[in-house]
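Novice: I am sharing protein.csv, which consists of CSV, C-alpha atoms:
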```csv
chain,number,residue,atom,x,y,z
A,22,MET,CA,0.0,0.0,0.0
A,23,ASP,CA,1.3,3.5,-0.9
A,24,ILE,CA,1.8,6.0,1.9
A,25,LEU,CA,1.5,9.0,-0.5
A,26,ARG,CA,-0.6,10.1,-3.4
A,27,TYR,CA,1.4,11.2,-6.5
A,28,GLY,CA,0.7,13.3,-9.5
A,29,HIS,CA,2.8,14.9,-12.3
A,30,ASP,CA,3.9,18.4,-12.9
A,31,ALA,CA,3.7,20.2,-16.3
A,32,TRP,CA,7.0,18.5,-17.3
A,33,GLY,CA,5.9,15.0,-16.4
A,34,ALA,CA,8.0,14.8,-13.2
A,35,VAL,CA,6.4,13.0,-10.3
A,36,VAL,CA,5.2,15.2,-7.4
A,37,VAL,CA,3.6,14.4,-4.1
A,38,ASN,CA,-0.1,15.3,-3.9
A,39,GLY,CA,-0.9,14.2,-0.4
A,40,LEU,CA,-1.3,11.1,1.9
A,41,SER,CA,-2.7,8.0,0.3
A,42,TRP,CA,-6.4,7.6,1.0
A,43,GLY,CA,-5.7,3.9,1.6
A,44,LEU,CA,-4.6,5.1,5.0
A,45,LEU,CA,-8.1,6.1,5.9
A,46,PRO,CA,-9.2,2.6,6.9
A,47,VAL,CA,-5.9,2.2,8.7
A,48,ALA,CA,-6.7,5.3,10.9
A,49,ALA,CA,-10.2,4.1,11.5
A,50,GLY,CA,-9.0,0.5,12.2
A,51,ALA,CA,-6.4,1.8,14.7
A,52,GLY,CA,-9.2,3.6,16.6
A,53,VAL,CA,-11.3,0.4,16.6
A,54,ALA,CA,-8.3,-1.6,17.7
A,55,VAL,CA,-7.7,0.6,20.7
A,56,ILE,CA,-11.4,0.3,21.6
A,57,VAL,CA,-11.3,-3.5,21.3
A,58,ILE,CA,-8.0,-3.9,23.2
A,59,HIS,CA,-9.4,-1.6,26.0
A,60,LEU,CA,-12.7,-3.5,26.2
A,61,VAL,CA,-10.7,-6.8,26.6
A,62,TYR,CA,-8.3,-5.2,29.2
A,63,ARG,CA,-11.3,-3.8,31.0
A,64,ALA,CA,-13.1,-7.1,31.1
A,65,ILE,CA,-10.0,-9.0,32.4
A,66,THR,CA,-9.2,-6.4,35.1
A,67,ARG,CA,-12.8,-6.3,36.2
A,68,ALA,CA,-13.0,-10.1,36.4
A,69,SER,CA,-9.8,-10.4,38.4
A,70,ARG,CA,-10.9,-7.5,40.7
A,71,SER,CA,-14.3,-9.2,41.4
A,72,ALA,CA,-12.5,-12.6,42.0
A,73,THR,CA,-10.2,-10.8,44.6
A,74,THR,CA,-13.2,-9.3,46.3
A,75,ARG,CA,-14.9,-12.7,46.5
A,76,ARG,CA,-11.8,-14.3,48.0
A,77,GLN,CA,-11.5,-11.5,50.6
A,78,GLU,CA,-15.2,-12.0,51.5
A,79,HIS,CA,-14.6,-15.7,52.2
B,10,MET,CA,-19.3,19.7,59.7
B,11,ALA,CA,-20.3,16.9,57.2
B,12,VAL,CA,-19.5,17.5,53.6
B,13,GLU,CA,-22.2,16.6,51.1
B,14,THR,CA,-20.7,13.9,48.9
B,15,ASP,CA,-23.2,14.5,46.1
B,16,ALA,CA,-22.7,18.3,46.1
B,17,PRO,CA,-21.8,19.5,42.6
B,18,VAL,CA,-18.3,20.8,41.9
B,19,LEU,CA,-17.8,22.9,38.8
B,20,ARG,CA,-15.4,21.1,36.4
B,21,HIS,CA,-16.0,23.0,33.1
B,22,ALA,CA,-17.3,26.6,32.9
B,23,ALA,CA,-20.1,27.3,30.3
B,24,ILE,CA,-17.7,28.9,27.9
B,25,ASP,CA,-15.3,25.9,28.0
B,26,ARG,CA,-18.3,23.6,27.4
B,27,LEU,CA,-19.4,25.7,24.5
B,28,PHE,CA,-15.8,25.6,23.0
B,29,HIS,CA,-15.8,21.8,23.3
B,30,TRP,CA,-19.1,21.4,21.4
B,31,VAL,CA,-18.3,24.0,18.8
B,32,THR,CA,-15.0,22.2,18.2
B,33,ALA,CA,-16.9,18.8,18.0
B,34,ALA,CA,-19.4,20.2,15.5
B,35,THR,CA,-16.8,21.9,13.3
B,36,MET,CA,-14.5,18.9,13.4
B,37,THR,CA,-17.4,16.6,12.4
B,38,ALA,CA,-18.2,19.0,9.6
B,39,LEU,CA,-14.6,19.2,8.5
B,40,LEU,CA,-14.1,15.5,8.5
B,41,GLY,CA,-17.4,14.9,6.8
B,42,THR,CA,-16.8,17.4,4.0
B,43,GLY,CA,-13.1,16.4,3.7
B,44,LEU,CA,-13.5,12.6,3.7
B,45,LEU,CA,-17.0,11.7,2.5
B,46,PRO,CA,-16.1,12.7,-1.1
B,47,ILE,CA,-13.1,10.4,-0.9
B,48,VAL,CA,-15.3,7.4,0.1
B,49,GLY,CA,-17.6,8.1,-2.9
B,50,LEU,CA,-20.2,10.5,-1.6
B,51,LYS,CA,-19.8,13.4,-4.1
B,52,PHE,CA,-21.1,16.8,-3.3
B,53,ASP,CA,-19.9,20.5,-3.4
B,54,TRP,CA,-17.8,20.2,-0.2
B,55,LEU,CA,-15.3,23.0,-0.5
B,56,ASP,CA,-17.3,26.0,0.9
B,57,LEU,CA,-18.7,24.0,3.8
B,58,HIS,CA,-15.1,22.8,4.5
B,59,TRP,CA,-13.4,26.2,4.7
B,60,ILE,CA,-16.3,27.8,6.5
B,61,SER,CA,-16.1,25.1,9.1
B,62,GLY,CA,-12.4,25.5,9.3
B,63,LEU,CA,-12.7,29.2,10.0
B,64,LEU,CA,-15.3,28.6,12.7
B,65,LEU,CA,-12.9,26.1,14.3
B,66,THR,CA,-10.0,28.6,14.0
B,67,ALA,CA,-12.1,31.2,15.7
B,68,ALA,CA,-13.1,28.8,18.5
B,69,VAL,CA,-9.4,27.8,19.0
B,70,LEU,CA,-8.3,31.4,19.2
B,71,VAL,CA,-10.9,32.1,21.9
B,72,HIS,CA,-9.8,29.0,23.7
B,73,LEU,CA,-6.1,30.0,23.5
B,74,LEU,CA,-6.9,33.5,24.7
B,75,ARG,CA,-8.8,32.1,27.7
B,76,VAL,CA,-6.0,29.7,28.5
B,77,LEU,CA,-3.4,32.4,28.3
B,78,THR,CA,-5.3,35.0,30.3
B,79,VAL,CA,-7.6,33.1,32.7
B,80,GLN,CA,-7.0,29.4,33.0
B,81,GLY,CA,-3.2,28.9,32.5
B,82,LEU,CA,-1.6,25.6,31.4
B,83,ARG,CA,-1.0,24.2,34.8
B,84,ALA,CA,-4.0,21.8,34.8
B,85,ILE,CA,-3.4,20.4,31.3
B,86,HIS,CA,0.4,20.5,31.1
B,87,LEU,CA,1.9,17.0,30.9
B,88,ARG,CA,4.5,16.4,33.6
B,89,ALA,CA,6.7,13.4,34.4
B,90,ARG,CA,4.9,12.9,37.7
B,91,ASP,CA,1.6,12.3,35.8
B,92,PHE,CA,3.0,8.9,34.8
B,93,ALA,CA,2.8,7.9,38.5
B,94,GLU,CA,-0.9,7.4,37.8
B,95,LEU,CA,0.1,4.2,36.0
B,96,SER,CA,1.0,2.8,39.5
B,97,GLY,CA,-2.2,4.1,41.2
B,98,ALA,CA,-1.5,7.7,42.0
B,99,ARG,CA,-4.6,9.9,41.6
B,100,PRO,CA,-4.5,12.7,39.0
B,101,GLY,CA,-5.2,16.4,39.4
B,102,LYS,CA,-8.0,17.9,37.3
B,103,TYR,CA,-7.1,15.9,34.2
B,104,SER,CA,-5.8,12.3,34.1
B,105,LEU,CA,-2.7,11.2,32.2
B,106,GLN,CA,-5.0,9.8,29.4
B,107,GLN,CA,-7.0,13.1,29.2
B,108,LYS,CA,-3.7,15.1,29.0
B,109,LEU,CA,-2.4,12.8,26.2
B,110,ILE,CA,-5.5,13.0,24.1
B,111,HIS,CA,-5.6,16.8,24.6
B,112,LEU,CA,-2.0,16.9,23.4
B,113,ALA,CA,-2.9,14.8,20.4
B,114,TRP,CA,-5.9,16.9,19.6
B,115,SER,CA,-3.8,20.0,19.9
B,116,VAL,CA,-1.3,18.7,17.3
B,117,ALA,CA,-4.1,17.5,14.9
B,118,VAL,CA,-6.1,20.7,15.2
B,119,LEU,CA,-3.2,23.2,15.0
B,120,VAL,CA,-1.6,21.3,12.0
B,121,GLY,CA,-5.0,21.1,10.3
B,122,ILE,CA,-5.7,24.9,10.8
B,123,GLY,CA,-2.1,26.0,9.9
B,124,THR,CA,-2.0,24.0,6.7
B,125,GLY,CA,-5.7,24.6,5.9
B,126,ILE,CA,-5.4,28.4,6.0
B,127,VAL,CA,-2.5,28.3,3.5
B,128,LEU,CA,-4.3,25.7,1.3
B,129,MET,CA,-7.2,28.1,1.1
B,130,ILE,CA,-5.0,30.2,-1.2
B,131,LYS,CA,-4.5,27.3,-3.5
B,132,ALA,CA,-8.2,26.4,-3.6
B,133,GLY,CA,-9.5,30.0,-3.8
B,134,THR,CA,-12.1,31.3,-1.4
B,135,PRO,CA,-13.8,34.7,-0.9
B,136,LEU,CA,-11.1,35.5,1.7
B,137,PHE,CA,-8.1,34.7,-0.5
B,138,ALA,CA,-7.8,35.1,-4.2
B,139,ARG,CA,-6.9,31.8,-5.8
B,140,ASN,CA,-3.1,31.6,-6.4
B,141,PRO,CA,-1.8,28.1,-7.0
B,142,TYR,CA,1.5,29.5,-8.1
B,143,LEU,CA,2.3,31.1,-4.7
B,144,LEU,CA,4.2,28.0,-3.7
B,145,SER,CA,6.0,25.2,-5.6
B,146,LEU,CA,4.1,22.0,-6.3
B,147,SER,CA,6.3,20.1,-3.9
B,148,THR,CA,5.5,22.6,-1.1
B,149,TRP,CA,1.8,22.4,-1.8
B,150,GLY,CA,2.2,18.6,-1.7
B,151,THR,CA,4.0,18.7,1.7
B,152,LEU,CA,1.2,21.0,3.1
B,153,THR,CA,-1.4,18.6,1.8
B,154,VAL,CA,0.4,15.6,3.4
B,155,LEU,CA,0.3,17.4,6.7
B,156,HIS,CA,-3.3,18.4,6.3
B,157,ASP,CA,-4.3,14.9,5.4
B,158,ALA,CA,-2.3,13.5,8.3
B,159,SER,CA,-4.2,15.8,10.7
B,160,ALA,CA,-7.5,14.5,9.2
B,161,LEU,CA,-6.5,10.9,9.7
B,162,LEU,CA,-5.2,11.5,13.2
B,163,SER,CA,-8.6,13.2,13.9
B,164,VAL,CA,-10.5,10.2,12.7
B,165,PHE,CA,-8.5,8.0,15.1
B,166,LEU,CA,-8.9,10.5,18.0
B,167,ILE,CA,-12.7,10.9,17.5
B,168,LEU,CA,-13.3,7.2,17.7
B,169,VAL,CA,-11.2,6.8,20.8
B,170,HIS,CA,-12.6,10.0,22.4
B,171,ILE,CA,-16.2,9.1,21.9
B,172,TYR,CA,-15.6,5.5,23.2
B,173,PHE,CA,-14.0,6.7,26.4
B,174,GLY,CA,-16.7,9.4,26.8
B,175,LEU,CA,-19.5,6.8,26.6
B,176,LEU,CA,-17.9,4.3,29.1
B,177,PRO,CA,-20.2,4.0,32.1
B,178,GLU,CA,-17.3,4.6,34.5
B,179,LYS,CA,-16.3,7.8,32.6
B,180,ARG,CA,-19.9,9.1,32.2
B,181,MET,CA,-19.3,11.8,34.9
B,182,TYR,CA,-16.9,13.5,32.5
B,183,LEU,CA,-19.5,13.5,29.7
B,184,ARG,CA,-21.9,15.0,32.3
B,185,ALA,CA,-19.3,17.6,33.2
B,186,MET,CA,-18.9,18.5,29.5
B,187,THR,CA,-22.7,18.9,29.1
B,188,ARG,CA,-23.8,20.3,32.5
B,189,GLY,CA,-20.5,21.4,33.9
B,190,TRP,CA,-20.2,19.5,37.2
B,191,ILE,CA,-19.1,16.4,38.9
B,192,THR,CA,-20.0,15.5,42.5
B,193,ARG,CA,-17.6,15.9,45.4
B,194,ALA,CA,-17.6,12.1,45.8
B,195,GLU,CA,-16.7,11.6,42.2
B,196,LEU,CA,-13.9,14.1,42.6
B,197,ALA,CA,-12.6,12.5,45.7
B,198,GLU,CA,-12.8,9.0,44.2
B,199,ASN,CA,-11.1,9.8,40.9
B,200,HIS,CA,-8.9,12.8,41.5
B,201,ASP,CA,-6.5,14.1,44.1
B,202,PRO,CA,-8.5,17.1,45.6
B,203,GLU,CA,-5.3,18.7,46.9
B,204,ARG,CA,-3.8,18.7,43.4
B,205,VAL,CA,-7.0,20.0,42.0
B,206,ALA,CA,-7.1,22.8,44.6
B,207,ARG,CA,-3.5,23.7,43.6
B,208,GLY,CA,-4.7,24.1,40.0
B,209,GLU,CA,-2.9,21.0,38.7
```
Just give me the structure as structure tokens.
Specialist:
Amino acid sequence: MDILRYGHDAWGAVVVNGLSWGLLPVAAGAGVAVIVIHLVYRAITRASRSATTRRQEH
Amino acid sequence: MAVETDAPVLRHAAIDRLFHWVTAATMTALLGTGLLPIVGLKFDWLDLHWISGLLLTAAVLVHLLRVLTVQGLRAIHLRARDFAELSGARPGKYSLQQKLIHLAWSVAVLVGIGTGIVLMIKAGTPLFARNPYLLSLSTWGTLTVLHDASALLSVFLILVHIYFGLLPEKRMYLRAMTRGWITRAELAENHDPERVARGE
């Protein structure tokens, strides 16, 4: 996947036009990945916290 | 004397809440007008885009003015001691995560505004006569790369920001950003009231 978008100037030389729009799903995917990782981390820490609480109650 | 634990404590003044929601609305408009045409929804996006950008610029200038004259940077400034929160220390007004996302937003928004204002000259708007020859093609390209990078960073940040804002255990911050306050108990449970009192 390209990182940049390219075009040509009046003499045919390659010039950079901007970032590749193929990176848009990467940016959105990175956001979703952070959310999923945090949800898993949150579920694990909550489960271990409630297990500790149950052990202390016994 | 007993202290009421559900007594409200002001977290965000009305003008700061207004800034947040104006920023949210203009960022949504900017990303919508900038990115929807790329995913195939074609419409006349340019005027909506630069008008939203100017509104965002005005909001950021008011925010900067307020920070420099009234609020100061003490509460939001990232310090080495903030990383002690990773081992259980309680934060001042803003947590480490809140400071980091504010820093990331600052970079995304300031880069987007700085490059966007110059790119308005290339595109042509009622404010600036169109002059695509002002800069070289490679300089326009570099500015566009930075502008695009700020858009992509903003897409990432919006997803993460909305997710954390909607988590049940963080809902008090959403309330603070809509109604202004958290309770004294929420402050004591999630923050170090002494650091908050010192303005940190």
Novice: What are the residues of chain A lining chain B at 8 Å or less? Count all atoms listed in the file, and put the answer as a PyMOL selection string.
Specialist: chain A and resi 25+30+36-40+42+44-45+48-49+51-53+55-56
Novice: Expressed in Å to a single decimal, how great is the separation between CA of Val57 (chain A) and CA of Ser69 (chain A)?
Specialist: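 Pair CA of Val57 (chain A) / CA of Ser69 (chain A) returns 18.5 Å.
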Novice: Have a look at CA of Leu27 (chain B) and CA of Leu183 (chain B) and let me know their distance in Å, one decimal.
Specialist: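 Distance between the two atoms: 13.3 Å.
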Novice: Just give me the gap between CA of Gly208 (chain B) and CA of Tyr103 (chain B) in Å, one decimal is fine.
Specialist: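 Interatomic distance here is 10.3 Å.
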Novice: Counting all atoms listed in the file, which of B:Leu143, B:Glu178, B:His58, B:Gly125 gets nearest to Arg63 (chain A)?
Specialist: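 Nearest candidate to Arg63 (chain A) out of B:Leu143, B:Glu178, B:His58, B:Gly125: B:Glu178.
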Novice: Counting all atoms listed in the file, which residues have an atom no more than 9 Å from (-20.8, 20.4, 29.0) in the file's coordinates? Please list them as a PDB file with C-alpha atoms, keeping the file's coordinate frame.
Specialist:
```
ATOM      1  CA  HIS B  21     -16.000  23.000  33.100  1.00  0.00           C
ATOM      2  CA  ALA B  22     -17.300  26.600  32.900  1.00  0.00           C
ATOM      3  CA  ALA B  23     -20.100  27.300  30.300  1.00  0.00           C
ATOM      4  CA  ASP B  25     -15.300  25.900  28.000  1.00  0.00           C
ATOM      5  CA  ARG B  26     -18.300  23.600  27.400  1.00  0.00           C
ATOM      6  CA  LEU B  27     -19.400  25.700  24.500  1.00  0.00           C
ATOM      7  CA  HIS B  29     -15.800  21.800  23.300  1.00  0.00           C
ATOM      8  CA  TRP B  30     -19.100  21.400  21.400  1.00  0.00           C
ATOM      9  CA  TYR B 182     -16.900  13.500  32.500  1.00  0.00           C
ATOM     10  CA  LEU B 183     -19.500  13.500  29.700  1.00  0.00           C
ATOM     11  CA  ARG B 184     -21.900  15.000  32.300  1.00  0.00           C
ATOM     12  CA  ALA B 185     -19.300  17.600  33.200  1.00  0.00           C
ATOM     13  CA  MET B 186     -18.900  18.500  29.500  1.00  0.00           C
ATOM     14  CA  THR B 187     -22.700  18.900  29.100  1.00  0.00           C
ATOM     15  CA  ARG B 188     -23.800  20.300  32.500  1.00  0.00           C
ATOM     16  CA  GLY B 189     -20.500  21.400  33.900  1.00  0.00           C
ATOM     17  CA  TRP B 190     -20.200  19.500  37.200  1.00  0.00           C
TER      18      TRP B 190
END
```
